[in-house]
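Q: Please see the structure below; I have some questions.
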Amino acid sequence: MSKNWRPATQLVHGGTTRSQHGETSEAIFLTQGFVYETSEAAEARFKGETDGFIYARYGSPTNDMFEKRMCMLEGAEDARATASGMAAVSAAILCQLKAGDHIVAARALFGSCRWVVETLAPKYGIECTLVDGRDLKNWEKAIQKNTKVFFLESPTNPTLEVIDIAGVAKLANQIGAKVVVDNVFATPLFQKPLELGAHIVVYSATKHIDGQGRCLGGVVLSDKEWINENLHDYFRHTGPAMSPFNAWTLLKGIETLPLRVKQQTETARRVADFLAEQPQVAKVIYPGRKDHPQADIIAKQMTGGSTLVAFELKGGKDAAFALQNALEIVRISNNLGDSKSLITHPATTTHKNLTDEAREELGISAGTVRFSAGIEDSDDVVEDFARALKAVKA
Ligand SMILES: *Cc1c(COP(=O)(O)O)cnc(C)c1O
């Protein structure tokens, strides 16, 4: 398969293997096991002397196609597809750590990711320090003798802060730590963490990769050596494997990723620019705008804006609820990256479990709203906002 293909081509053809029928569309192999012609063949397969599948918890043909396609897109040597994004995140972190190790993580994390490092890991004797990841000095200050993993998300949920991935990777390399990047918000099209020096990339494929709200999925990508030494056995024996049905759904979803993300980014940019001019709106944060507080880092590490917009309404929770309730096309939902435009009020949904103080640190106020652009006609979406904002006092 050509490594020189551009992403849109990789995502249609990458990793495809065909059965004896020569099917055009990728086949779905709903089987948990495989048969061997002879006892000797089974023995050789188990010894690793011959290639081939053994058991679907370890790997299977449809999942293999999805993993190979993701590797090609990401520029990674190897990958494991998982049942959800959280299975990918928790496997990527826990498989490489043991009691006595230390994680430094950016505090602005997807809620469940934060729970894994802040609450779960310490139960097993793995310490964690959360930092304001925007300033590299904070990462440096948090380093201990036993620091093994740096973990971050960029742009972050929901306030779209960005973190200098190359800067964090440089610090990690000085101490031999590994950088794990949750690249969901950037999408694999707009940011390449491995090229920036990160060691491991994780996705919730539930978001843009499916992009049509149908199934959960995740993927961990890295070099062959790291996967063999850390993830391989963990993955086989703890069982976070993706269902082949979901792998097939995601293989079909990912074919249209570039088309969808392009349309979503265009709509997000238009909505951001529109909202920035409205009297009810105190602030708009959009990675594609010049007024983003970290526009310099964005220019360095991202090749596109974002399919998401964060904004703050002057009227707090009442204004946020009034706007959300008045929207007709844009639906209230905490998912993102979907073909349907979605909106969420983090303080009362995705981030309700944080303390007031933690929310404030993350810049989430009562008026903060997160918009995820869909693939509708962007004129209709902007008009939906224009109409709905009439329900919100300036
Ligand atoms: C959704 C999401 C996850 C978790 O993914 P699931 O597929 O829901 O398990 C992790 N990180 C980020 C940034 C996400 O948006």
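As shown in the structure tokens, the chain order sets the letters A, B, ...; within each chain, residues go from 1, and ligands are also counted from 1 in the order they appear.
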Using only C-alpha atoms and all ligand atoms, find each protein or nucleic acid residue lying at most 6 Å from ligand 1; present the set as a VMD selection string.
A: chain A and resid 84 to 86 110 182 184 204 206 216 to 218
Q: From a DSSP calculation on the backbone, collect every residue of stretch 166-356 of chain A in strand (DSSP E) and output the set as a PyMOL selection string.
A: chain A and resi 178-182+200-204+218-222+281-285+308-313+331-332+342-344
Q: Got time to write the residues from that selection, N, CA and C atoms, as a PDB file, in the first residue's frame?
A:
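Ended up saving to out-v7.pdb:
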```pdb
ATOM      1  N   LYS A 178       7.020   8.958  28.576  1.00  0.00           N
ATOM      2  CA  LYS A 178       6.243   8.836  27.341  1.00  0.00           C
ATOM      3  C   LYS A 178       5.098   9.856  27.342  1.00  0.00           C
ATOM      4  N   VAL A 179       4.835  10.449  26.185  1.00  0.00           N
ATOM      5  CA  VAL A 179       3.737  11.403  26.056  1.00  0.00           C
ATOM      6  C   VAL A 179       2.556  10.716  25.369  1.00  0.00           C
ATOM      7  N   VAL A 180       1.432  10.715  26.066  1.00  0.00           N
ATOM      8  CA  VAL A 180       0.195  10.174  25.506  1.00  0.00           C
ATOM      9  C   VAL A 180      -0.707  11.354  25.149  1.00  0.00           C
ATOM     10  N   VAL A 181      -1.126  11.446  23.884  1.00  0.00           N
ATOM     11  CA  VAL A 181      -2.003  12.541  23.463  1.00  0.00           C
ATOM     12  C   VAL A 181      -3.374  11.983  23.075  1.00  0.00           C
ATOM     13  N   ASP A 182      -4.399  12.521  23.703  1.00  0.00           N
ATOM     14  CA  ASP A 182      -5.784  12.253  23.313  1.00  0.00           C
ATOM     15  C   ASP A 182      -6.114  13.289  22.233  1.00  0.00           C
ATOM     16  N   ILE A 200       2.517   8.177  21.990  1.00  0.00           N
ATOM     17  CA  ILE A 200       1.299   7.369  21.888  1.00  0.00           C
ATOM     18  C   ILE A 200       0.128   8.320  21.597  1.00  0.00           C
ATOM     19  N   VAL A 201      -0.728   7.924  20.653  1.00  0.00           N
ATOM     20  CA  VAL A 201      -1.919   8.726  20.349  1.00  0.00           C
ATOM     21  C   VAL A 201      -3.153   7.871  20.604  1.00  0.00           C
ATOM     22  N   VAL A 202      -4.164   8.473  21.227  1.00  0.00           N
ATOM     23  CA  VAL A 202      -5.416   7.747  21.435  1.00  0.00           C
ATOM     24  C   VAL A 202      -6.581   8.551  20.853  1.00  0.00           C
ATOM     25  N   TYR A 203      -7.581   7.802  20.404  1.00  0.00           N
ATOM     26  CA  TYR A 203      -8.818   8.418  19.912  1.00  0.00           C
ATOM     27  C   TYR A 203     -10.024   7.743  20.518  1.00  0.00           C
ATOM     28  N   SER A 204     -11.053   8.528  20.721  1.00  0.00           N
ATOM     29  CA  SER A 204     -12.392   7.996  20.808  1.00  0.00           C
ATOM     30  C   SER A 204     -12.912   8.018  19.377  1.00  0.00           C
ATOM     31  N   GLY A 218     -12.609   2.998  19.931  1.00  0.00           N
ATOM     32  CA  GLY A 218     -11.400   3.742  20.268  1.00  0.00           C
ATOM     33  C   GLY A 218     -10.210   3.089  19.618  1.00  0.00           C
ATOM     34  N   VAL A 219      -9.076   3.785  19.674  1.00  0.00           N
ATOM     35  CA  VAL A 219      -7.865   3.204  19.097  1.00  0.00           C
ATOM     36  C   VAL A 219      -6.646   3.797  19.795  1.00  0.00           C
ATOM     37  N   VAL A 220      -5.642   2.940  19.998  1.00  0.00           N
ATOM     38  CA  VAL A 220      -4.346   3.360  20.555  1.00  0.00           C
ATOM     39  C   VAL A 220      -3.315   3.142  19.456  1.00  0.00           C
ATOM     40  N   LEU A 221      -2.520   4.158  19.164  1.00  0.00           N
ATOM     41  CA  LEU A 221      -1.506   4.049  18.104  1.00  0.00           C
ATOM     42  C   LEU A 221      -0.133   4.421  18.643  1.00  0.00           C
ATOM     43  N   SER A 222       0.885   3.666  18.187  1.00  0.00           N
ATOM     44  CA  SER A 222       2.246   3.989  18.615  1.00  0.00           C
ATOM     45  C   SER A 222       3.231   3.243  17.723  1.00  0.00           C
ATOM     46  N   VAL A 281     -23.141  37.683  23.535  1.00  0.00           N
ATOM     47  CA  VAL A 281     -21.982  36.803  23.686  1.00  0.00           C
ATOM     48  C   VAL A 281     -20.788  37.551  24.278  1.00  0.00           C
ATOM     49  N   ALA A 282     -20.254  37.034  25.402  1.00  0.00           N
ATOM     50  CA  ALA A 282     -19.129  37.697  26.059  1.00  0.00           C
ATOM     51  C   ALA A 282     -17.808  37.317  25.395  1.00  0.00           C
ATOM     52  N   LYS A 283     -17.728  36.067  24.927  1.00  0.00           N
ATOM     53  CA  LYS A 283     -16.430  35.584  24.458  1.00  0.00           C
ATOM     54  C   LYS A 283     -16.634  34.369  23.553  1.00  0.00           C
ATOM     55  N   VAL A 284     -15.821  34.292  22.492  1.00  0.00           N
ATOM     56  CA  VAL A 284     -15.839  33.114  21.619  1.00  0.00           C
ATOM     57  C   VAL A 284     -14.430  32.533  21.597  1.00  0.00           C
ATOM     58  N   ILE A 285     -14.324  31.222  21.786  1.00  0.00           N
ATOM     59  CA  ILE A 285     -13.004  30.584  21.668  1.00  0.00           C
ATOM     60  C   ILE A 285     -13.069  29.610  20.510  1.00  0.00           C
ATOM     61  N   LEU A 308     -15.341  22.365  16.560  1.00  0.00           N
ATOM     62  CA  LEU A 308     -16.031  22.793  17.784  1.00  0.00           C
ATOM     63  C   LEU A 308     -15.803  24.261  18.070  1.00  0.00           C
ATOM     64  N   VAL A 309     -16.773  24.866  18.723  1.00  0.00           N
ATOM     65  CA  VAL A 309     -16.670  26.261  19.141  1.00  0.00           C
ATOM     66  C   VAL A 309     -17.090  26.320  20.601  1.00  0.00           C
ATOM     67  N   ALA A 310     -16.330  27.033  21.423  1.00  0.00           N
ATOM     68  CA  ALA A 310     -16.770  27.295  22.794  1.00  0.00           C
ATOM     69  C   ALA A 310     -17.118  28.772  22.880  1.00  0.00           C
ATOM     70  N   PHE A 311     -18.188  29.085  23.576  1.00  0.00           N
ATOM     71  CA  PHE A 311     -18.500  30.507  23.758  1.00  0.00           C
ATOM     72  C   PHE A 311     -19.185  30.720  25.094  1.00  0.00           C
ATOM     73  N   GLU A 312     -19.145  31.984  25.517  1.00  0.00           N
ATOM     74  CA  GLU A 312     -19.713  32.305  26.812  1.00  0.00           C
ATOM     75  C   GLU A 312     -20.796  33.352  26.624  1.00  0.00           C
ATOM     76  N   LEU A 313     -21.958  33.057  27.188  1.00  0.00           N
ATOM     77  CA  LEU A 313     -23.059  34.017  27.116  1.00  0.00           C
ATOM     78  C   LEU A 313     -23.029  34.902  28.353  1.00  0.00           C
ATOM     79  N   ARG A 331     -29.107  20.282  17.932  1.00  0.00           N
ATOM     80  CA  ARG A 331     -29.744  19.513  19.003  1.00  0.00           C
ATOM     81  C   ARG A 331     -28.910  19.542  20.276  1.00  0.00           C
ATOM     82  N   ILE A 332     -29.582  19.436  21.415  1.00  0.00           N
ATOM     83  CA  ILE A 332     -28.888  19.398  22.698  1.00  0.00           C
ATOM     84  C   ILE A 332     -28.373  17.977  22.918  1.00  0.00           C
ATOM     85  N   LEU A 342     -24.598  19.775  17.274  1.00  0.00           N
ATOM     86  CA  LEU A 342     -24.982  19.501  18.656  1.00  0.00           C
ATOM     87  C   LEU A 342     -24.460  20.600  19.570  1.00  0.00           C
ATOM     88  N   ILE A 343     -25.175  20.807  20.666  1.00  0.00           N
ATOM     89  CA  ILE A 343     -24.767  21.843  21.604  1.00  0.00           C
ATOM     90  C   ILE A 343     -24.901  21.314  23.024  1.00  0.00           C
ATOM     91  N   THR A 344     -23.979  21.728  23.890  1.00  0.00           N
ATOM     92  CA  THR A 344     -24.058  21.255  25.267  1.00  0.00           C
ATOM     93  C   THR A 344     -23.639  22.348  26.246  1.00  0.00           C
TER      94      THR A 344
END
```
Q: Find the residue from A:Glu161, A:Ala177, A:Gln301, A:Lys390 that sits nearest to A:Ala319; use only C-alpha atoms when measuring.
A: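 Selected residue with least distance to A:Ala319: A:Lys390.
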Q: Tell me which protein, DNA and RNA residues are within 10 Å of A:Ala91, counting only C-alpha atoms, leaving out same-chain ones fewer than 4 positions away, and put them as a list in words.
A: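 Residues meeting the cut-off are Arg80, Thr82, Gly85, Met86, Ala87, Cys95, Gln96, Val202, Val219, Val220, Asn230, Leu231, Tyr234, Phe235, Thr238, Gly239 and Pro240 of chain A.
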Q: Take the residues that were just selected and, keeping N, CA, C and O atoms, output them as a compact mmCIF listing (two decimals), in the first residue's frame.
A:
```
# COMPACT_ATOMS: atom_id res chain seq x y z
N ARG A 80 -4.07 -0.72 18.23
CA ARG A 80 -5.07 -1.66 18.73
C ARG A 80 -6.40 -0.93 18.80
O ARG A 80 -6.49 0.15 19.40
N THR A 82 -10.12 -0.50 20.19
CA THR A 82 -10.75 -0.81 21.48
C THR A 82 -12.26 -0.53 21.43
O THR A 82 -12.75 0.17 20.54
N GLY A 85 -13.55 4.87 23.45
CA GLY A 85 -12.42 5.79 23.64
C GLY A 85 -11.81 5.62 25.02
O GLY A 85 -10.59 5.64 25.18
N MET A 86 -12.64 5.42 26.02
CA MET A 86 -12.12 5.26 27.38
C MET A 86 -11.33 3.97 27.53
O MET A 86 -10.38 3.92 28.30
N ALA A 87 -11.72 2.91 26.81
CA ALA A 87 -10.92 1.68 26.85
C ALA A 87 -9.53 1.97 26.27
O ALA A 87 -8.53 1.45 26.76
N CYS A 95 -1.33 0.28 30.91
CA CYS A 95 -0.48 -0.82 30.44
C CYS A 95 1.00 -0.54 30.63
O CYS A 95 1.80 -1.45 30.66
N GLN A 96 1.37 0.73 30.77
CA GLN A 96 2.80 1.04 30.84
C GLN A 96 3.25 1.47 32.24
O GLN A 96 4.40 1.85 32.41
N VAL A 202 -4.16 8.47 21.23
CA VAL A 202 -5.42 7.75 21.43
C VAL A 202 -6.58 8.55 20.85
O VAL A 202 -6.55 9.78 20.82
N VAL A 219 -9.08 3.78 19.67
CA VAL A 219 -7.86 3.20 19.10
C VAL A 219 -6.65 3.80 19.80
O VAL A 219 -6.65 4.96 20.18
N VAL A 220 -5.64 2.94 20.00
CA VAL A 220 -4.35 3.36 20.55
C VAL A 220 -3.31 3.14 19.46
O VAL A 220 -3.25 2.05 18.88
N ASN A 230 4.35 -3.07 25.83
CA ASN A 230 3.42 -2.56 26.84
C ASN A 230 1.98 -2.99 26.62
O ASN A 230 1.35 -3.55 27.50
N LEU A 231 1.48 -2.70 25.42
CA LEU A 231 0.04 -2.88 25.20
C LEU A 231 -0.36 -4.29 24.79
O LEU A 231 -1.45 -4.76 25.12
N TYR A 234 -1.32 -6.68 27.67
CA TYR A 234 -2.40 -6.03 28.43
C TYR A 234 -3.72 -6.13 27.65
O TYR A 234 -4.76 -6.49 28.19
N PHE A 235 -3.63 -5.83 26.37
CA PHE A 235 -4.82 -5.81 25.51
C PHE A 235 -5.41 -7.22 25.37
O PHE A 235 -6.61 -7.43 25.47
N THR A 238 -6.76 -8.32 29.20
CA THR A 238 -7.80 -7.58 29.93
C THR A 238 -9.05 -7.38 29.08
O THR A 238 -10.10 -7.03 29.61
N GLY A 239 -8.95 -7.57 27.75
CA GLY A 239 -10.15 -7.66 26.93
C GLY A 239 -10.91 -6.40 26.55
O GLY A 239 -12.14 -6.43 26.52
N PRO A 240 -10.22 -5.32 26.21
CA PRO A 240 -10.98 -4.13 25.74
C PRO A 240 -11.26 -4.15 24.24
O PRO A 240 -11.57 -3.11 23.66
```
Q: Out of A:Val168, A:Ala241, A:Phe185, A:Gly211, which residue has the shortest atom-to-atom distance to A:Val149 when counting only C-alpha atoms?
A: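 The closest residue to A:Val149 is A:Val168.
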Q: How many Å separate atom CA of A:Pro61 from atom CA of A:Gln32?
A: 10.6 Å
Q: When DSSP works through the backbone of this structure, what residues of stretch 182-267 of chain A end up as alpha helix (DSSP H), shown as a ChimeraX atom specification?
A: /A:187-190,224-226,232-238,244-255,257-267
Q: When you draw a straight line from atom CA of A:Leu250 to atom CA of A:Ala268, how long is it in Å?
A: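 Interatomic distance here is 23.4 Å.
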Q: A:Gly305, A:Gly374, A:Pro293, A:Pro346: which is nearest A:Gln264, counting only C-alpha atoms?
A: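 The shortest atom-to-atom distance to A:Gln264 comes from A:Gly374.
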Q: One number please: atom CA of A:Tyr55 to atom CA of A:Gly213, in Å, one decimal.
A: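 Between atom CA of A:Tyr55 and atom CA of A:Gly213 the gap is 28.1 Å.
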